[in-house]
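Structure data (mmCIF, C-alpha atoms) from protein-v7.cif:
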```
data_upload
loop_
_atom_site.group_PDB
_atom_site.id
_atom_site.type_symbol
_atom_site.label_atom_id
_atom_site.label_comp_id
_atom_site.auth_asym_id
_atom_site.auth_seq_id
_atom_site.Cartn_x
_atom_site.Cartn_y
_atom_site.Cartn_z
ATOM 1 C CA ALA A 5 -32.906 -0.729 18.567
ATOM 2 C CA SER A 6 -30.364 -3.496 18.427
ATOM 3 C CA PRO A 7 -26.682 -2.597 18.737
ATOM 4 C CA ILE A 8 -24.702 -2.168 15.546
ATOM 5 C CA PRO A 9 -22.283 -5.089 15.116
ATOM 6 C CA VAL A 10 -18.625 -4.169 15.218
ATOM 7 C CA ALA A 11 -16.275 -5.765 12.722
ATOM 8 C CA THR A 12 -13.147 -7.556 13.733
ATOM 9 C CA THR A 13 -9.847 -6.824 12.065
ATOM 10 C CA ALA A 14 -10.213 -8.026 8.483
ATOM 11 C CA PRO A 15 -7.399 -9.015 6.131
ATOM 12 C CA LEU A 16 -6.906 -7.216 2.841
ATOM 13 C CA VAL A 17 -8.718 -9.118 0.059
ATOM 14 C CA GLU A 18 -6.127 -9.879 -2.594
ATOM 15 C CA PRO A 19 -6.927 -8.879 -6.196
ATOM 16 C CA VAL A 20 -7.396 -11.547 -8.874
ATOM 17 C CA ALA A 21 -5.527 -11.063 -12.170
ATOM 18 C CA GLY A 22 -7.772 -9.668 -14.915
ATOM 19 C CA GLU A 23 -10.577 -8.702 -12.529
ATOM 20 C CA ALA A 24 -11.098 -5.084 -11.550
ATOM 21 C CA SER A 25 -9.697 -4.270 -8.129
ATOM 22 C CA TYR A 26 -9.175 -1.123 -6.114
ATOM 23 C CA ILE A 27 -5.863 0.706 -6.447
ATOM 24 C CA GLY A 28 -6.324 3.798 -4.245
ATOM 25 C CA SER A 29 -6.694 7.508 -4.933
ATOM 26 C CA GLY A 30 -2.936 8.057 -4.896
ATOM 27 C CA LYS A 31 -2.654 6.248 -8.228
ATOM 28 C CA CYS A 32 -5.293 8.537 -9.771
ATOM 29 C CA LYS A 33 -3.416 11.613 -8.577
ATOM 30 C CA LYS A 34 -0.542 11.244 -11.042
ATOM 31 C CA CYS A 35 -2.801 12.041 -14.030
ATOM 32 C CA HIS A 36 -5.615 13.926 -12.298
ATOM 33 C CA LEU A 37 -3.750 16.291 -9.988
ATOM 34 C CA ALA A 38 -6.251 19.187 -10.122
ATOM 35 C CA GLU A 39 -9.151 16.849 -9.362
ATOM 36 C CA TYR A 40 -7.183 15.155 -6.583
ATOM 37 C CA LYS A 41 -6.224 18.454 -4.953
ATOM 38 C CA SER A 42 -9.795 19.791 -4.976
ATOM 39 C CA TRP A 43 -11.189 16.441 -3.738
ATOM 40 C CA SER A 44 -8.640 16.288 -0.905
ATOM 41 C CA LYS A 45 -10.091 19.505 0.555
ATOM 42 C CA ASN A 46 -13.689 18.295 0.728
ATOM 43 C CA LYS A 47 -15.912 16.264 3.061
ATOM 44 C CA HIS A 48 -15.627 13.052 1.097
ATOM 45 C CA ALA A 49 -11.846 12.952 1.458
ATOM 46 C CA SER A 50 -12.098 13.139 5.241
ATOM 47 C CA ALA A 51 -15.154 10.891 5.621
ATOM 48 C CA MET A 52 -13.269 8.250 7.646
ATOM 49 C CA GLU A 53 -12.169 10.897 10.151
ATOM 50 C CA THR A 54 -15.804 11.700 10.948
ATOM 51 C CA LEU A 55 -16.151 8.172 12.348
ATOM 52 C CA MET A 56 -13.469 8.795 14.975
ATOM 53 C CA PRO A 57 -14.345 9.671 18.565
ATOM 54 C CA ASP A 58 -15.041 13.363 19.196
ATOM 55 C CA GLN A 59 -15.347 14.110 15.450
ATOM 56 C CA ALA A 60 -18.563 15.296 13.747
ATOM 57 C CA THR A 61 -20.109 15.494 17.206
ATOM 58 C CA GLU A 62 -23.000 17.713 16.155
ATOM 59 C CA ALA A 63 -24.104 15.333 13.383
ATOM 60 C CA LYS A 64 -23.658 12.270 15.590
ATOM 61 C CA THR A 65 -25.700 13.846 18.370
ATOM 62 C CA LYS A 66 -28.450 14.906 15.919
ATOM 63 C CA PHE A 67 -28.823 11.294 14.758
ATOM 64 C CA ASN A 68 -28.554 9.703 18.224
ATOM 65 C CA LEU A 69 -25.062 8.322 17.708
ATOM 66 C CA ASP A 70 -22.492 8.369 20.498
ATOM 67 C CA PRO A 71 -20.007 11.160 19.649
ATOM 68 C CA LYS A 72 -17.413 9.526 21.934
ATOM 69 C CA LYS A 73 -17.561 6.146 20.189
ATOM 70 C CA ASP A 74 -15.015 4.994 17.600
ATOM 71 C CA TYR A 75 -17.027 3.904 14.548
ATOM 72 C CA THR A 76 -13.921 3.205 12.400
ATOM 73 C CA LYS A 77 -14.268 -0.539 13.050
ATOM 74 C CA ASP A 78 -18.014 -0.697 12.385
ATOM 75 C CA GLU A 79 -18.655 -2.259 8.963
ATOM 76 C CA LYS A 80 -22.049 -0.560 8.618
ATOM 77 C CA CYS A 81 -20.297 2.824 8.779
ATOM 78 C CA VAL A 82 -16.956 2.032 7.170
ATOM 79 C CA VAL A 83 -18.547 0.646 3.995
ATOM 80 C CA CYS A 84 -19.547 4.188 2.981
ATOM 81 C CA HIS A 85 -16.612 6.012 4.565
ATOM 82 C CA SER A 86 -13.899 4.046 2.749
ATOM 83 C CA VAL A 87 -13.205 2.656 -0.707
ATOM 84 C CA GLY A 88 -14.105 -0.939 -1.543
ATOM 85 C CA LEU A 89 -14.474 -2.384 1.959
ATOM 86 C CA GLY A 90 -13.976 -6.135 1.798
ATOM 87 C CA LYS A 91 -13.502 -6.207 -1.972
ATOM 88 C CA PRO A 92 -10.313 -7.036 -3.904
ATOM 89 C CA GLY A 93 -7.717 -4.347 -3.243
ATOM 90 C CA GLY A 94 -10.231 -2.417 -1.124
ATOM 91 C CA TYR A 95 -10.118 -1.055 2.388
ATOM 92 C CA ALA A 96 -9.752 -3.551 5.223
ATOM 93 C CA ILE A 97 -10.683 -2.797 8.810
ATOM 94 C CA HIS A 98 -7.419 -3.025 10.683
ATOM 95 C CA ASP A 99 -5.591 -2.474 13.934
ATOM 96 C CA GLU A 100 -4.062 1.018 13.940
ATOM 97 C CA LYS A 101 -0.882 -0.510 15.414
ATOM 98 C CA ASP A 102 -0.427 -2.636 12.279
ATOM 99 C CA GLU A 103 1.850 -0.315 10.278
ATOM 100 C CA LYS A 104 1.601 -2.426 7.105
ATOM 101 C CA ALA A 105 -2.218 -2.337 7.155
ATOM 102 C CA VAL A 106 -2.250 1.398 7.880
ATOM 103 C CA LYS A 107 0.013 1.983 4.854
ATOM 104 C CA GLU A 108 -2.050 -0.307 2.569
ATOM 105 C CA ASN A 109 -5.262 1.457 3.597
ATOM 106 C CA LYS A 110 -3.988 5.053 3.408
ATOM 107 C CA ASP A 111 -5.329 5.761 -0.107
ATOM 108 C CA LEU A 112 -8.547 3.853 0.595
ATOM 109 C CA ALA A 113 -9.740 5.677 3.731
ATOM 110 C CA GLY A 114 -12.416 8.260 3.009
ATOM 111 C CA VAL A 115 -14.651 8.468 -0.022
ATOM 112 C CA GLY A 116 -11.956 8.342 -2.685
ATOM 113 C CA CYS A 117 -11.956 8.336 -6.475
ATOM 114 C CA GLU A 118 -12.946 4.703 -6.915
ATOM 115 C CA MET A 119 -15.928 4.970 -4.598
ATOM 116 C CA CYS A 120 -17.642 6.832 -7.438
ATOM 117 C CA HIS A 121 -15.627 5.855 -10.504
ATOM 118 C CA GLY A 122 -15.332 2.139 -9.679
ATOM 119 C CA PRO A 123 -12.322 -0.095 -9.025
ATOM 120 C CA GLY A 124 -9.505 1.289 -11.161
ATOM 121 C CA SER A 125 -7.067 -1.532 -11.856
ATOM 122 C CA GLU A 126 -8.325 -2.205 -15.377
ATOM 123 C CA TYR A 127 -9.469 1.204 -16.649
ATOM 124 C CA SER A 128 -6.279 2.811 -15.289
ATOM 125 C CA LYS A 129 -4.250 0.583 -17.664
ATOM 126 C CA VAL A 130 -6.287 1.864 -20.607
ATOM 127 C CA HIS A 131 -5.965 5.436 -19.319
ATOM 128 C CA GLU A 132 -2.157 5.131 -19.058
ATOM 129 C CA GLU A 133 -1.926 3.780 -22.610
ATOM 130 C CA ILE A 134 -4.077 6.668 -23.866
ATOM 131 C CA MET A 135 -1.911 9.224 -22.049
ATOM 132 C CA LYS A 136 1.344 7.714 -23.367
ATOM 133 C CA SER A 137 0.135 7.497 -26.957
ATOM 134 C CA LYS A 138 -1.698 10.851 -26.767
ATOM 135 C CA ARG A 139 -4.473 9.346 -28.846
ATOM 136 C CA LYS A 140 -8.095 10.386 -28.748
ATOM 137 C CA TYR A 141 -10.602 8.102 -27.076
ATOM 138 C CA LYS A 142 -14.318 7.879 -26.457
ATOM 139 C CA ASP A 143 -15.907 7.654 -23.027
ATOM 140 C CA GLU A 144 -17.427 4.309 -24.040
ATOM 141 C CA GLU A 145 -13.910 2.839 -24.239
ATOM 142 C CA MET A 146 -13.298 3.742 -20.597
ATOM 143 C CA TYR A 147 -16.733 2.468 -19.553
ATOM 144 C CA ALA A 148 -15.992 -0.835 -21.304
ATOM 145 C CA ALA A 149 -12.795 -1.060 -19.218
ATOM 146 C CA GLY A 150 -14.797 -0.668 -15.995
ATOM 147 C CA LEU A 151 -15.094 3.078 -15.361
ATOM 148 C CA ASN A 152 -18.475 3.884 -13.810
ATOM 149 C CA LYS A 153 -20.833 6.300 -15.498
ATOM 150 C CA ILE A 154 -21.597 8.788 -12.770
ATOM 151 C CA ASP A 155 -25.291 9.071 -12.083
ATOM 152 C CA GLU A 156 -27.621 9.345 -9.131
ATOM 153 C CA ASN A 157 -27.464 5.593 -8.431
ATOM 154 C CA VAL A 158 -23.713 5.738 -7.782
ATOM 155 C CA CYS A 159 -24.270 8.337 -5.059
ATOM 156 C CA LYS A 160 -27.309 6.582 -3.647
ATOM 157 C CA ASN A 161 -25.215 3.530 -2.809
ATOM 158 C CA CYS A 162 -24.435 5.487 0.360
ATOM 159 C CA HIS A 163 -26.732 8.493 0.355
ATOM 160 C CA ASN A 164 -29.869 6.523 1.169
ATOM 161 C CA GLU A 165 -32.309 5.742 3.974
ATOM 162 C CA LYS A 166 -30.103 2.918 5.308
ATOM 163 C CA GLY A 167 -27.450 5.380 6.482
ATOM 164 C CA ALA A 168 -27.354 6.305 10.162
ATOM 165 C CA THR A 169 -27.351 10.006 9.271
ATOM 166 C CA PHE A 170 -30.086 9.920 6.636
ATOM 167 C CA ASP A 171 -32.520 12.791 7.104
ATOM 168 C CA LYS A 172 -35.928 11.922 5.634
ATOM 169 C CA ASN A 173 -36.779 15.632 5.682
ATOM 170 C CA LYS A 174 -33.758 16.399 3.518
ATOM 171 C CA PRO A 175 -33.420 13.598 0.940
ATOM 172 C CA PHE A 176 -30.406 13.395 -1.343
ATOM 173 C CA ASP A 177 -30.770 15.795 -4.282
ATOM 174 C CA PHE A 178 -28.388 14.598 -6.997
ATOM 175 C CA ALA A 179 -29.090 17.476 -9.405
ATOM 176 C CA LYS A 180 -28.212 20.019 -6.721
ATOM 177 C CA LEU A 181 -25.336 18.174 -5.038
ATOM 178 C CA LYS A 182 -23.533 16.379 -7.883
ATOM 179 C CA ASP A 183 -20.798 19.006 -8.108
ATOM 180 C CA GLU A 184 -20.587 19.812 -4.393
ATOM 181 C CA ASN A 185 -18.052 17.909 -2.298
ATOM 182 C CA THR A 186 -16.715 15.943 -5.238
ATOM 183 C CA HIS A 187 -13.858 17.572 -7.167
ATOM 184 C CA ASP A 188 -13.045 20.084 -9.871
ATOM 185 C CA HIS A 189 -13.986 18.773 -13.291
ATOM 186 C CA SER A 190 -11.659 19.298 -16.213
ATOM 187 C CA PRO A 191 -12.401 18.473 -19.833
#
```

Would you mind writing the file out in structure tokens?
Amino acid sequence: ASPIPVATTAPLVEPVAGEASYIGSGKCKKCHLAEYKSWSKNKHASAMETLMPDQATEAKTKFNLDPKKDYTKDEKCVVCHSVGLGKPGGYAIHDEKDEKAVKENKDLAGVGCEMCHGPGSEYSKVHEEIMKSKRKYKDEEMYAAGLNKIDENVCKNCHNEKGATFDKNKPFDFAKLKDENTHDHSP
């Protein structure tokens, strides 16, 4: 097997006005506190940490990965363990000594809200207007503003045979797992 290429430090990709960009889970928290709190206690929230040396050693060993290696700079891993890698407003692989980059990436490390729901810059504006006006809305309005419909394909962007920890004997079961390791769901 050929070695996995390691990314160099990448700059944050600046958002373009009017185009959907990533805003980070912290912005979702202000309106979705219960969901945020339950998400923050699950595996998705700490997904970036599993890439660090001496973390998730059992899983790494099972899949012939070096448990001592730091995979937090490896694009092939980080793309599914962060939000929006290399996309406008998304996570950027950075030097941990770069305090500005660490701060910018804080709400984008791990599998956060927008990894499933899509980049939030545009639909969050609609959501804020709805909350302020207290008007009723239809899901289609949010989908038109860029919110993802959650289905098996959203999950399979990462939970697929290309992943280093994919187990062909235990394929992803959306029906069984859709409510596990996500967040509480309120009406």

(request) Within 10 Å of (-13.4, 12.3, 1.4) (coordinates as in the file), grab all the protein and nucleic acid residues, counting all atoms listed in the file, and write them out as a count of residues only. (result) 24

Around the point (-26.6, 10.4, 7.6) in the file's coordinates, collect all residues with an atom within 12 Å, using all atoms listed in the file, and return them as a CSV table (one decimal) with C-alpha atoms, in the frame of the given file.
```csv
chain,number,residue,atom,x,y,z
A,51,ALA,CA,-15.2,10.9,5.6
A,54,THR,CA,-15.8,11.7,10.9
A,55,LEU,CA,-16.2,8.2,12.3
A,60,ALA,CA,-18.6,15.3,13.7
A,62,GLU,CA,-23.0,17.7,16.2
A,63,ALA,CA,-24.1,15.3,13.4
A,64,LYS,CA,-23.7,12.3,15.6
A,65,THR,CA,-25.7,13.8,18.4
A,66,LYS,CA,-28.4,14.9,15.9
A,67,PHE,CA,-28.8,11.3,14.8
A,68,ASN,CA,-28.6,9.7,18.2
A,69,LEU,CA,-25.1,8.3,17.7
A,80,LYS,CA,-22.0,-0.6,8.6
A,81,CYS,CA,-20.3,2.8,8.8
A,84,CYS,CA,-19.5,4.2,3.0
A,85,HIS,CA,-16.6,6.0,4.6
A,160,LYS,CA,-27.3,6.6,-3.6
A,162,CYS,CA,-24.4,5.5,0.4
A,163,HIS,CA,-26.7,8.5,0.4
A,164,ASN,CA,-29.9,6.5,1.2
A,165,GLU,CA,-32.3,5.7,4.0
A,166,LYS,CA,-30.1,2.9,5.3
A,167,GLY,CA,-27.4,5.4,6.5
A,168,ALA,CA,-27.4,6.3,10.2
A,169,THR,CA,-27.4,10.0,9.3
A,170,PHE,CA,-30.1,9.9,6.6
A,171,ASP,CA,-32.5,12.8,7.1
A,172,LYS,CA,-35.9,11.9,5.6
A,173,ASN,CA,-36.8,15.6,5.7
A,174,LYS,CA,-33.8,16.4,3.5
A,175,PRO,CA,-33.4,13.6,0.9
A,176,PHE,CA,-30.4,13.4,-1.3
```

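One finds atom CA of A:Lys91 at 17.2 Å from atom CA of A:Thr76.
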
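Counting only C-alpha atoms and comparing A:Asn157, A:Gln59, A:Asn109, A:Ser128, the residue that lies closest to A:Cys35 is A:Ser128.
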
(request) Determine, counting all atoms listed in the file, which protein, DNA and RNA residues have an atom within 9 Å of an atom of A:Glu39; residues of the same chain fewer than 6 positions away are not included. Present the result as a list in words. (result)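 Answer for this query is Lys33, Thr186, His187, Asp188, His189 and Ser190 of chain A.
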
(request) Using atom CA of A:Ser25 and atom CA of A:Ala38 as the two end points, give the distance in Å to one decimal. (result)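 Interatomic distance here is 23.8 Å.
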
(request) Evaluate the PyMOL selection byres ((chain A and resi 154) around 12) here and jot the selected residues down as a list in words. (result) Cys117, Glu118, Met119, Cys120, His121, Gly122, Asp143, Tyr147, Leu151, Asn152, Lys153, Asp155, Glu156, Asn157, Val158, Cys159, Lys160, Asn161, Phe178, Ala179, Lys182, Asp183 and Thr186 of chain A

(message) What's around A:Lys31 at 12 Å? Count all atoms listed in the file, leave out sequence neighbours fewer than 5 positions away in its own chain, and write the answer as a PyMOL selection string.
(response) chain A and resi 26+36-37+40+110-112+116-118+123-125+127-129+131-132

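With atom CA of A:Ala24 on one side and atom CA of A:Ala96 on the other, the separation reads 16.9 Å.
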
Give me the box for stretch 74-91 of chain A as AutoDock Vina command-line options, namely the centre and edge lengths in Å to one decimal of a box along x, y and z that holds every listed atom plus 5 Å on each side.
```
--center_x -17.6 --center_y -0.1 --center_z 7.8 --size_x 18.8 --size_y 22.2 --size_z 29.6
```
